[in-house]
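Structure data follow from structure.pdb (PDB, C-alpha atoms):
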```pdb
MODEL        1
ATOM      1  CA  MET A 317     -24.761 -12.558 -17.244
ATOM      2  CA  ALA A 318     -21.779 -12.250 -14.846
ATOM      3  CA  THR A 319     -19.526 -14.871 -13.302
ATOM      4  CA  LYS A 320     -18.734 -14.696  -9.560
ATOM      5  CA  LEU A 321     -16.178 -16.666  -7.544
ATOM      6  CA  LEU A 322     -15.720 -16.976  -3.776
ATOM      7  CA  HIS A 323     -12.480 -17.346  -1.824
ATOM      8  CA  PRO A 324     -11.735 -17.906   1.914
ATOM      9  CA  GLN A 325     -10.446 -15.143   4.167
ATOM     10  CA  THR A 326      -6.932 -15.000   5.688
ATOM     11  CA  PRO A 327      -6.546 -12.876   8.886
ATOM     12  CA  THR A 328      -3.194 -11.821  10.373
ATOM     13  CA  SER A 329      -2.150  -9.750  13.375
ATOM     14  CA  HIS A 330       1.009  -8.970  15.380
ATOM     15  CA  VAL A 331       1.738  -7.210  18.675
ATOM     16  CA  LEU A 332       5.196  -5.978  19.662
ATOM     17  CA  PRO A 333       5.596  -5.765  23.460
ATOM     18  CA  PHE A 334       8.115  -3.592  25.287
ATOM     19  CA  SER A 335       8.596  -2.515  28.915
ATOM     20  CA  ILE A 336       9.870   0.639  30.626
ATOM     21  CA  PRO A 337      12.668   0.054  33.159
ATOM     22  CA  SER A 338      11.857   1.033  36.763
ATOM     23  CA  LEU A 339      13.655   3.891  38.583
ATOM     24  CA  PRO A 340      16.511   2.972  40.951
ATOM     25  CA  LYS A 341      15.734   3.167  44.686
ATOM     26  CA  MET A 342      17.225   6.107  46.692
ATOM     27  CA  SER A 343      19.144   5.291  49.879
ATOM     28  CA  ARG A 344      17.923   6.900  53.168
ATOM     29  CA  SER A 345      21.516   7.193  54.528
ATOM     30  CA  HIS A 346      22.387  10.121  52.265
ATOM     31  CA  THR A 347      21.309  13.642  53.166
ATOM     32  CA  GLN A 348      22.638  14.994  49.892
ATOM     33  CA  ARG A 349      20.002  15.610  47.205
ATOM     34  CA  PRO A 350      19.919  12.609  44.852
ATOM     35  CA  PRO A 351      21.168  13.192  41.312
ATOM     36  CA  SER A 352      18.591  13.932  38.633
ATOM     37  CA  PHE A 353      17.789  11.539  35.862
ATOM     38  CA  SER A 354      17.423  13.194  32.478
ATOM     39  CA  ASN A 355      18.578  10.482  30.122
ATOM     40  CA  SER A 356      16.086   9.310  27.510
ATOM     41  CA  ILE A 357      15.607   5.655  26.663
ATOM     42  CA  GLN A 358      14.913   5.118  22.957
ATOM     43  CA  PHE A 359      12.699   2.379  21.547
ATOM     44  CA  PHE A 360      12.814   1.975  17.784
ATOM     45  CA  LEU A 361       9.979   0.260  15.976
ATOM     46  CA  PRO A 362       9.275   0.091  12.208
ATOM     47  CA  LYS A 363       7.743   3.267  10.806
ATOM     48  CA  SER A 364       7.983   5.379  14.009
ATOM     49  CA  ASN A 365      10.384   6.553  16.740
ATOM     50  CA  PHE A 366       9.336   6.815  20.396
ATOM     51  CA  ALA A 367      11.465   8.673  22.966
ATOM     52  CA  ILE A 368      10.333   7.755  26.493
ATOM     53  CA  LYS A 369      11.863  10.082  29.106
ATOM     54  CA  VAL A 370      12.453   9.038  32.707
ATOM     55  CA  ALA A 371      11.059  11.885  34.840
ATOM     56  CA  GLU A 372      12.913  13.789  37.556
ATOM     57  CA  PRO A 373      12.576  12.070  40.982
ATOM     58  CA  SER A 374      10.739  15.106  42.343
ATOM     59  CA  SER A 375       8.095  15.000  39.616
ATOM     60  CA  ASN A 376       4.967  12.888  39.390
ATOM     61  CA  LEU A 377       5.576   9.863  37.129
ATOM     62  CA  VAL A 378       1.955   9.887  36.086
ATOM     63  CA  GLY A 379       2.336  13.610  35.491
ATOM     64  CA  ALA A 380      -0.103  16.188  34.296
ATOM     65  CA  ASN A 381       1.683  16.688  30.993
ATOM     66  CA  GLU A 382       2.068  13.302  29.287
ATOM     67  CA  ASP A 383       3.188  14.988  26.072
ATOM     68  CA  GLU A 384       6.544  15.701  27.742
ATOM     69  CA  ASP A 385       7.023  12.022  28.571
ATOM     70  CA  ILE A 386       6.483  10.674  25.053
ATOM     71  CA  ALA A 387       7.890  12.605  22.107
ATOM     72  CA  THR A 388       7.576  11.667  18.464
ATOM     73  CA  ASP A 389       9.905  12.510  15.595
ATOM     74  CA  GLU A 390       8.294  15.251  13.541
ATOM     75  CA  SER A 391      10.878  16.055  10.893
ATOM     76  CA  PRO A 392       9.872  18.669   8.326
ATOM     77  CA  VAL A 393       8.573  17.199   5.069
ATOM     78  CA  ASP A 394      10.820  17.735   2.047
ATOM     79  CA  TYR A 395       8.092  18.538  -0.477
ATOM     80  CA  SER A 396      10.503  19.793  -3.149
ATOM     81  CA  THR A 397      12.280  16.431  -3.277
ATOM     82  CA  ILE A 398       8.960  14.579  -3.242
ATOM     83  CA  THR A 399       7.708  16.586  -6.231
ATOM     84  CA  ARG A 400      10.949  15.987  -8.147
ATOM     85  CA  VAL A 401      10.930  12.226  -7.498
ATOM     86  CA  LYS A 402       7.278  11.929  -8.578
ATOM     87  CA  THR A 403       8.151  13.630 -11.871
ATOM     88  CA  ASP A 404      11.168  11.361 -12.348
ATOM     89  CA  ILE A 405       9.053   8.231 -11.755
ATOM     90  CA  ASN A 406       6.509   9.271 -14.380
ATOM     91  CA  LYS A 407       9.284   9.965 -16.896
ATOM     92  CA  ALA A 408      10.945   6.610 -16.175
ATOM     93  CA  LEU A 409       7.647   4.772 -16.777
ATOM     94  CA  GLU A 410       7.017   6.254 -20.210
ATOM     95  CA  GLY A 411       6.593   3.502 -22.806
ATOM     96  CA  TYR A 412       6.449   0.604 -20.318
ATOM     97  CA  ASN A 413       2.673   0.144 -19.876
ATOM     98  CA  ARG A 414       2.860   0.167 -16.069
ATOM     99  CA  GLY A 415       5.516  -2.552 -16.181
ATOM    100  CA  ILE A 416       2.836  -5.213 -16.664
ATOM    101  CA  PHE A 417       4.627  -6.728 -19.675
ATOM    102  CA  GLY A 418       8.070  -6.402 -18.139
ATOM    103  CA  MET A 419      10.961  -3.942 -18.435
ATOM    104  CA  PRO A 420      14.793  -4.041 -18.425
ATOM    105  CA  SER A 421      16.255  -4.877 -15.025
ATOM    106  CA  GLU A 422      18.218  -1.613 -14.857
ATOM    107  CA  LYS A 423      15.029   0.396 -15.436
ATOM    108  CA  LYS A 424      13.208  -1.620 -12.778
ATOM    109  CA  SER A 425      16.049  -0.972 -10.306
ATOM    110  CA  GLU A 426      15.950   2.732 -11.103
ATOM    111  CA  ILE A 427      12.228   2.915 -10.337
ATOM    112  CA  GLU A 428      12.539   0.887  -7.147
ATOM    113  CA  ASP A 429      15.331   3.188  -5.905
ATOM    114  CA  MET A 430      13.014   6.158  -6.410
ATOM    115  CA  VAL A 431      10.230   4.291  -4.620
ATOM    116  CA  LYS A 432      12.507   3.747  -1.614
ATOM    117  CA  LEU A 433      13.399   7.438  -1.582
ATOM    118  CA  LEU A 434       9.725   8.433  -1.560
ATOM    119  CA  GLU A 435       9.021   5.919   1.200
ATOM    120  CA  SER A 436      11.747   7.519   3.318
ATOM    121  CA  LEU A 437      10.015  10.897   2.858
ATOM    122  CA  ASN A 438       6.499   9.633   3.603
ATOM    123  CA  PRO A 439       4.500  12.574   5.054
ATOM    124  CA  ASN A 440       1.883  10.162   6.483
ATOM    125  CA  PRO A 441       3.702   7.229   8.114
ATOM    126  CA  HIS A 442       0.528   5.998   9.890
ATOM    127  CA  PRO A 443      -2.046   6.091   7.063
ATOM    128  CA  THR A 444      -4.618   3.762   8.609
ATOM    129  CA  LEU A 445      -5.113   6.288  11.422
ATOM    130  CA  ASP A 446      -6.498   8.722   8.837
ATOM    131  CA  LEU A 447      -8.423   6.637   6.292
ATOM    132  CA  ASP A 448      -9.688   9.738   4.486
ATOM    133  CA  LYS A 449      -6.276   9.896   2.823
ATOM    134  CA  LEU A 450      -6.864   6.405   1.365
ATOM    135  CA  GLY A 451     -10.494   6.628   0.290
ATOM    136  CA  GLY A 452     -11.670   7.347  -3.242
ATOM    137  CA  CYS A 453     -10.509   6.294  -6.701
ATOM    138  CA  TRP A 454      -6.890   5.488  -7.596
ATOM    139  CA  LYS A 455      -5.254   4.566 -10.915
ATOM    140  CA  LEU A 456      -2.333   2.141 -11.149
ATOM    141  CA  ILE A 457       0.732   3.595 -12.895
ATOM    142  CA  TYR A 458       3.272   0.881 -11.974
ATOM    143  CA  SER A 459       3.369  -2.629 -10.574
ATOM    144  CA  THR A 460       5.956  -5.377 -10.323
ATOM    145  CA  ILE A 461       3.188  -7.867 -11.204
ATOM    146  CA  THR A 462       3.853  -9.038 -14.750
ATOM    147  CA  ILE A 463       2.034 -10.991 -17.463
ATOM    148  CA  LEU A 464       4.713 -12.673 -19.559
ATOM    149  CA  GLY A 465       5.329 -15.694 -21.758
ATOM    150  CA  SER A 466       2.626 -18.320 -22.079
ATOM    151  CA  ARG A 467       0.282 -16.535 -19.678
ATOM    152  CA  ARG A 468       0.189 -13.491 -21.936
ATOM    153  CA  THR A 469      -0.411 -15.692 -24.975
ATOM    154  CA  LYS A 470      -3.199 -17.735 -23.346
ATOM    155  CA  LEU A 471      -4.997 -14.569 -22.266
ATOM    156  CA  GLY A 472      -4.866 -13.153 -25.792
ATOM    157  CA  LEU A 473      -2.932 -10.089 -24.651
ATOM    158  CA  ARG A 474      -0.469 -10.228 -27.538
ATOM    159  CA  ASP A 475      -2.784  -9.822 -30.501
ATOM    160  CA  PHE A 476      -6.423  -8.887 -30.116
ATOM    161  CA  ILE A 477      -6.983  -7.925 -26.442
ATOM    162  CA  SER A 478      -5.328  -4.856 -24.944
ATOM    163  CA  LEU A 479      -5.263  -3.619 -21.365
ATOM    164  CA  GLY A 480      -6.929  -0.361 -20.412
ATOM    165  CA  ASP A 481      -6.814   1.424 -17.061
ATOM    166  CA  PHE A 482      -6.339  -0.349 -13.729
ATOM    167  CA  LEU A 483      -8.561   1.427 -11.192
ATOM    168  CA  GLN A 484      -9.115   0.898  -7.485
ATOM    169  CA  ILE A 485     -12.054   2.360  -5.567
ATOM    170  CA  ILE A 486     -11.706   2.333  -1.775
ATOM    171  CA  ASP A 487     -14.825   2.718   0.360
ATOM    172  CA  ILE A 488     -13.539   3.479   3.869
ATOM    173  CA  VAL A 489     -17.039   3.400   5.408
ATOM    174  CA  LYS A 490     -17.811  -0.133   4.189
ATOM    175  CA  GLY A 491     -14.235  -1.386   4.466
ATOM    176  CA  LYS A 492     -14.335  -2.431   0.820
ATOM    177  CA  ALA A 493     -11.963  -2.146  -2.141
ATOM    178  CA  VAL A 494     -13.019  -2.695  -5.747
ATOM    179  CA  ASN A 495     -10.384  -3.298  -8.432
ATOM    180  CA  VAL A 496     -11.446  -2.624 -12.016
ATOM    181  CA  ILE A 497      -9.244  -3.822 -14.915
ATOM    182  CA  MET A 498     -10.372  -2.502 -18.289
ATOM    183  CA  PHE A 499      -9.953  -4.431 -21.576
ATOM    184  CA  ASN A 500     -10.346  -3.469 -25.225
ATOM    185  CA  VAL A 501     -10.982  -6.164 -27.828
ATOM    186  CA  ARG A 502      -9.956  -5.652 -31.434
ATOM    187  CA  GLY A 503     -11.267  -7.508 -34.477
ATOM    188  CA  LEU A 504     -14.514  -7.689 -36.424
ATOM    189  CA  ASN A 505     -16.557  -6.814 -33.343
ATOM    190  CA  LEU A 506     -14.704  -4.054 -31.505
ATOM    191  CA  PHE A 507     -15.856  -3.799 -27.888
ATOM    192  CA  SER A 508     -14.580  -3.129 -24.390
ATOM    193  CA  GLY A 509     -15.206  -4.772 -21.034
ATOM    194  CA  LYS A 510     -13.803  -5.131 -17.557
ATOM    195  CA  LEU A 511     -12.844  -7.498 -14.774
ATOM    196  CA  VAL A 512     -14.252  -6.318 -11.432
ATOM    197  CA  ILE A 513     -12.789  -7.780  -8.241
ATOM    198  CA  GLU A 514     -14.388  -6.940  -4.894
ATOM    199  CA  ALA A 515     -12.496  -7.377  -1.638
ATOM    200  CA  SER A 516     -12.875  -6.356   1.995
ATOM    201  CA  PHE A 517     -10.115  -4.977   4.182
ATOM    202  CA  LYS A 518      -9.393  -4.703   7.901
ATOM    203  CA  ILE A 519      -6.772  -2.574   9.613
ATOM    204  CA  SER A 520      -4.021  -4.692  11.177
ATOM    205  CA  SER A 521      -1.493  -1.955  12.067
ATOM    206  CA  LYS A 522      -0.852   1.762  11.639
ATOM    207  CA  SER A 523       0.288   1.155   8.070
ATOM    208  CA  ARG A 524      -1.055  -2.276   7.081
ATOM    209  CA  VAL A 525      -4.394  -3.740   6.057
ATOM    210  CA  ASP A 526      -5.460  -7.371   5.656
ATOM    211  CA  ILE A 527      -7.336  -7.956   2.399
ATOM    212  CA  SER A 528      -9.853 -10.732   1.745
ATOM    213  CA  TYR A 529     -11.098 -11.560  -1.743
ATOM    214  CA  ASN A 530     -14.902 -11.609  -2.002
ATOM    215  CA  THR A 531     -16.137 -11.914  -5.589
ATOM    216  CA  SER A 532     -15.141 -11.295  -9.192
ATOM    217  CA  THR A 533     -17.145 -10.498 -12.305
ATOM    218  CA  ILE A 534     -16.322 -10.101 -15.992
ATOM    219  CA  ILE A 535     -18.629  -8.041 -18.184
ATOM    220  CA  PRO A 536     -19.941  -8.251 -20.832
ATOM    221  CA  ASP A 537     -20.528 -11.950 -21.530
ATOM    222  CA  GLN A 538     -18.580 -11.653 -24.784
ATOM    223  CA  LEU A 539     -15.438 -10.890 -22.805
ATOM    224  CA  MET A 540     -16.167 -13.642 -20.283
ATOM    225  CA  ASN A 541     -16.432 -16.144 -23.132
ATOM    226  CA  MET A 542     -12.955 -15.121 -24.324
ATOM    227  CA  PHE A 543     -11.411 -15.541 -20.862
ATOM    228  CA  ARG A 544     -13.465 -18.493 -19.618
ATOM    229  CA  LYS A 545     -10.925 -21.193 -20.474
ATOM    230  CA  ASN A 546      -8.090 -19.329 -18.692
ATOM    231  CA  TYR A 547     -10.090 -17.526 -16.030
ATOM    232  CA  ASP A 548      -8.028 -19.063 -13.217
ATOM    233  CA  ILE A 549      -4.873 -17.579 -14.750
ATOM    234  CA  LEU A 550      -6.466 -14.136 -15.001
ATOM    235  CA  LEU A 551      -7.778 -14.204 -11.432
ATOM    236  CA  GLY A 552      -4.486 -15.547 -10.129
ATOM    237  CA  ILE A 553      -2.723 -12.476 -11.500
ATOM    238  CA  PHE A 554      -5.079  -9.889 -10.030
ATOM    239  CA  ASN A 555      -6.361 -11.622  -6.855
ATOM    240  CA  PRO A 556      -5.686  -9.156  -3.971
ATOM    241  CA  ASP A 557      -5.893 -11.731  -1.143
ATOM    242  CA  GLY A 558      -3.262 -11.174   1.587
ATOM    243  CA  TRP A 559      -1.938  -8.068   3.302
ATOM    244  CA  LEU A 560      -0.848  -4.688   1.985
ATOM    245  CA  GLU A 561       1.640  -2.343   3.629
ATOM    246  CA  ILE A 562       0.953   1.289   2.696
ATOM    247  CA  THR A 563       4.488   2.680   2.565
ATOM    248  CA  TYR A 564       3.701   6.117   1.142
ATOM    249  CA  VAL A 565       0.590   8.248   0.709
ATOM    250  CA  ASP A 566      -0.162  11.905   0.095
ATOM    251  CA  ASP A 567      -2.935  13.798  -1.687
ATOM    252  CA  THR A 568      -1.976  12.541  -5.160
ATOM    253  CA  LEU A 569       0.171   9.391  -4.862
ATOM    254  CA  ARG A 570       0.096   6.087  -2.998
ATOM    255  CA  ILE A 571       2.683   3.285  -2.775
ATOM    256  CA  GLY A 572       2.073  -0.181  -1.350
ATOM    257  CA  ARG A 573       3.941  -3.456  -0.877
ATOM    258  CA  ASP A 574       2.097  -6.749  -0.503
ATOM    259  CA  ASP A 575       2.851 -10.084   1.156
ATOM    260  CA  LYS A 576       4.027 -11.505  -2.176
ATOM    261  CA  GLY A 577       6.782  -8.889  -2.535
ATOM    262  CA  ASN A 578       4.998  -6.801  -5.173
ATOM    263  CA  ILE A 579       5.168  -3.011  -5.375
ATOM    264  CA  PHE A 580       2.229  -0.853  -6.482
ATOM    265  CA  ILE A 581       2.271   2.844  -7.368
ATOM    266  CA  LEU A 582      -1.100   4.544  -7.824
ATOM    267  CA  GLU A 583      -2.163   8.098  -8.628
ATOM    268  CA  ARG A 584      -5.386   9.615  -7.372
ATOM    269  CA  SER A 585      -8.003   9.594 -10.134
ATOM    270  CA  LYS A 586     -11.120  11.635 -10.804
ATOM    271  CA  GLU A 587     -12.617   8.788 -12.874
ATOM    272  CA  THR A 588     -16.349   8.428 -12.280
ATOM    273  CA  ASN A 589     -17.522   6.427 -15.303
ATOM    274  CA  LEU A 590     -17.021   2.891 -13.979
TER     275      LEU A 590
ENDMDL
END
```
Starting from the coordinates I provided, produce the structure as structure tokens.
Amino acid sequence: MATKLLHPQTPTSHVLPFSIPSLPKMSRSHTQRPPSFSNSIQFFLPKSNFAIKVAEPSSNLVGANEDEDIATDESPVDYSTITRVKTDINKALEGYNRGIFGMPSEKKSEIEDMVKLLESLNPNPHPTLDLDKLGGCWKLIYSTITILGSRRTKLGLRDFISLGDFLQIIDIVKGKAVNVIMFNVRGLNLFSGKLVIEASFKISSKSRVDISYNTSTIIPDQLMNMFRKNYDILLGIFNPDGWLEITYVDDTLRIGRDDKGNIFILERSKETNL
């Protein structure tokens, strides 16, 4: 037996308009050749820089080579720094169980500073334009979501239930994400189980997706019976409803920030036994 819940969807979208100033008119009374215009007008938007160049008066404004009119910032990627920061993050997380049960504020600040540094070095600033980089299985290594105090006690996560891996499987063809949270139960009858949360996602910008919760299931029934009384608490912690900004992604690591202010760091996983 499995228990399934339904939840309404929450769409969001934004458009940022801007206009290009028109060229000044040339007076007919002058026989001298008009001055050239070579200044660039810069428009700065989050996550990308656009340089829009006003063409020479003698050139065609709807010219043959549009690549010369719009230039993008293509700074070289500092892979050596990226590799070093990834190593430092993994070292800083040792002994903290992904941060799920809390950590000292100075340690949290240290990790978040390294996250910001990685975000500034993001080699793929527009990840939703290349979904292949997002698809597949990922394993959570850090999150600012915490289970503390009475919530931890009510869920039995102090004594006889322990948390296993947090996995996320992204199906880019179906537009679906499945979160799998593993549990191990100690006691007379040792067994393991999992909470499976299915959600759908839609692209809302070059770096953001809107996520809608679909269903959730706990298996086996033995585990569901243990969580039944506090199932709302459990689902409230792991419900992915909202939006997610993908602030960093490469072949092995992904960082995201959600609409609730949480940070998630995930490593690519080869896990297949789900």
Expressed in Å, the length from CA of Leu450 in chain A to CA of Gly572 in chain A is 11.4 Å
Exercise. Name the residues that the PyMOL selection byres ((chain A and resi 546) around 12) pulls out of this structure, and write them as a PyMOL selection string.
Key: chain A and resi 466-472+539-545+547-553
With the file shown as input, list the residues that the PyMOL selection byres ((chain A and resi 458) around 6) selects, as an MDAnalysis selection string.
chainID A and resid 414:415 456:457 459 580:581
_Can you tell me which residues surround Ile571 in chain A at a distance of at most 12 Å, considering all atoms listed in the file, apart from same-chain residues fewer than 6 positions away, and format the answer as a ChimeraX atom specification?_
/A:402,428,430-438,440-441,443,450,454-460,523-524,560-565,578-584
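For the pair CA of Asp448 in chain A and CA of Pro556 in chain A, the separation is 21.1 Å.
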In terms of all atoms listed in the file, the residue from A:Arg502, A:Lys492, A:Lys510, A:Arg400 at minimal distance from Asn530 in chain A is A:Lys492
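CA of Phe554 in chain A sits 16.7 Å away from CA of Gly465 in chain A.
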(Q) Take the PyMOL selection byres ((chain A and resi 535) around 8), run it mentally on this structure, and tell me the resulting residues as a list of chain:residue names. (A)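 For this structure, the PyMOL selection byres ((chain A and resi 535) around 8) resolves to A:Met317, A:Ala318, A:Gly509, A:Lys510, A:Leu511, A:Thr533, A:Ile534, A:Pro536, A:Asp537, A:Gln538, A:Leu539, A:Met540.
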**Nearby residues (all atoms listed in the file) at most 6 Å from Ser516 in chain A, same-chain spacing under 5 positions excluded, as a list in words** =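 Neighbouring residues, sequence-local ones excluded: Gly491, Lys492, Ala493, Ile527 and Ser528 of chain A.
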Given the choices A:Ile427, A:Ile486, A:Ile477, A:Ile519, which gets closest to Phe507 in chain A if the distance is worked out from all atoms listed in the file?
->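 Among the listed residues, A:Ile477 lies closest to Phe507 in chain A.
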Item to check | Among listed residues A:Asn406, A:Ser585, A:Thr444, A:Ser532, nearest Ile488 in chain A (using all atoms listed in the file) | outcome: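 The closest residue to Ile488 in chain A is A:Thr444.
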Where atoms are missing, can you supply N, CA and C atoms for range 442-469 of chain A and output the lot as a tab-separated table (two decimals), keeping the file's coordinate frame?
```tsv
chain	number	residue	atom	x	y	z
A	442	HIS	N	1.55	6.84	9.26
A	442	HIS	CA	0.53	6.00	9.89
A	442	HIS	C	-0.80	6.20	9.16
A	443	PRO	N	-0.88	5.76	7.90
A	443	PRO	CA	-2.05	6.09	7.06
A	443	PRO	C	-3.36	5.51	7.53
A	444	THR	N	-3.34	4.36	8.20
A	444	THR	CA	-4.62	3.76	8.61
A	444	THR	C	-5.26	4.50	9.78
A	445	LEU	N	-4.53	5.45	10.38
A	445	LEU	CA	-5.11	6.29	11.42
A	445	LEU	C	-5.92	7.44	10.83
A	446	ASP	N	-5.76	7.66	9.53
A	446	ASP	CA	-6.50	8.72	8.84
A	446	ASP	C	-6.95	8.17	7.48
A	447	LEU	N	-8.00	7.35	7.49
A	447	LEU	CA	-8.42	6.64	6.29
A	447	LEU	C	-8.92	7.57	5.19
A	448	ASP	N	-9.24	8.81	5.53
A	448	ASP	CA	-9.69	9.74	4.49
A	448	ASP	C	-8.62	9.92	3.42
A	449	LYS	N	-7.36	9.76	3.79
A	449	LYS	CA	-6.28	9.90	2.82
A	449	LYS	C	-6.24	8.72	1.85
A	450	LEU	N	-6.89	7.60	2.21
A	450	LEU	CA	-6.86	6.40	1.36
A	450	LEU	C	-8.12	6.24	0.52
A	451	GLY	N	-9.22	6.83	0.98
A	451	GLY	CA	-10.49	6.63	0.29
A	451	GLY	C	-10.55	7.28	-1.07
A	452	GLY	N	-11.48	6.78	-1.91
A	452	GLY	CA	-11.67	7.35	-3.24
A	452	GLY	C	-11.14	6.46	-4.34
A	453	CYS	N	-10.93	7.04	-5.51
A	453	CYS	CA	-10.51	6.29	-6.70
A	453	CYS	C	-9.03	6.53	-7.00
A	454	TRP	N	-8.32	5.44	-7.28
A	454	TRP	CA	-6.89	5.49	-7.60
A	454	TRP	C	-6.64	4.75	-8.91
A	455	LYS	N	-5.62	5.21	-9.64
A	455	LYS	CA	-5.25	4.57	-10.92
A	455	LYS	C	-3.82	4.04	-10.83
A	456	LEU	N	-3.65	2.77	-11.19
A	456	LEU	CA	-2.33	2.14	-11.15
A	456	LEU	C	-1.44	2.72	-12.25
A	457	ILE	N	-0.22	3.13	-11.88
A	457	ILE	CA	0.73	3.60	-12.90
A	457	ILE	C	1.96	2.68	-12.97
A	458	TYR	N	2.15	1.82	-11.93
A	458	TYR	CA	3.27	0.88	-11.97
A	458	TYR	C	3.01	-0.26	-11.02
A	459	SER	N	3.44	-1.46	-11.44
A	459	SER	CA	3.37	-2.63	-10.57
A	459	SER	C	4.46	-3.61	-10.98
A	460	THR	N	4.98	-4.33	-10.01
A	460	THR	CA	5.96	-5.38	-10.32
A	460	THR	C	5.27	-6.68	-10.72
A	461	ILE	N	3.93	-6.73	-10.64
A	461	ILE	CA	3.19	-7.87	-11.20
A	461	ILE	C	3.34	-7.84	-12.72
A	462	THR	N	3.66	-8.98	-13.30
A	462	THR	CA	3.85	-9.04	-14.75
A	462	THR	C	3.03	-10.15	-15.38
A	463	ILE	N	2.70	-9.95	-16.65
A	463	ILE	CA	2.03	-10.99	-17.46
A	463	ILE	C	2.96	-11.26	-18.64
A	464	LEU	N	3.68	-12.37	-18.56
A	464	LEU	CA	4.71	-12.67	-19.56
A	464	LEU	C	4.53	-14.08	-20.12
A	465	GLY	N	5.25	-14.35	-21.20
A	465	GLY	CA	5.33	-15.69	-21.76
A	465	GLY	C	4.00	-16.31	-22.11
A	466	SER	N	3.82	-17.57	-21.70
A	466	SER	CA	2.63	-18.32	-22.08
A	466	SER	C	1.36	-17.73	-21.46
A	467	ARG	N	1.48	-17.14	-20.29
A	467	ARG	CA	0.28	-16.54	-19.68
A	467	ARG	C	-0.26	-15.41	-20.55
A	468	ARG	N	0.63	-14.59	-21.07
A	468	ARG	CA	0.19	-13.49	-21.94
A	468	ARG	C	-0.45	-14.03	-23.21
A	469	THR	N	0.14	-15.09	-23.75
A	469	THR	CA	-0.41	-15.69	-24.98
A	469	THR	C	-1.79	-16.30	-24.72
```
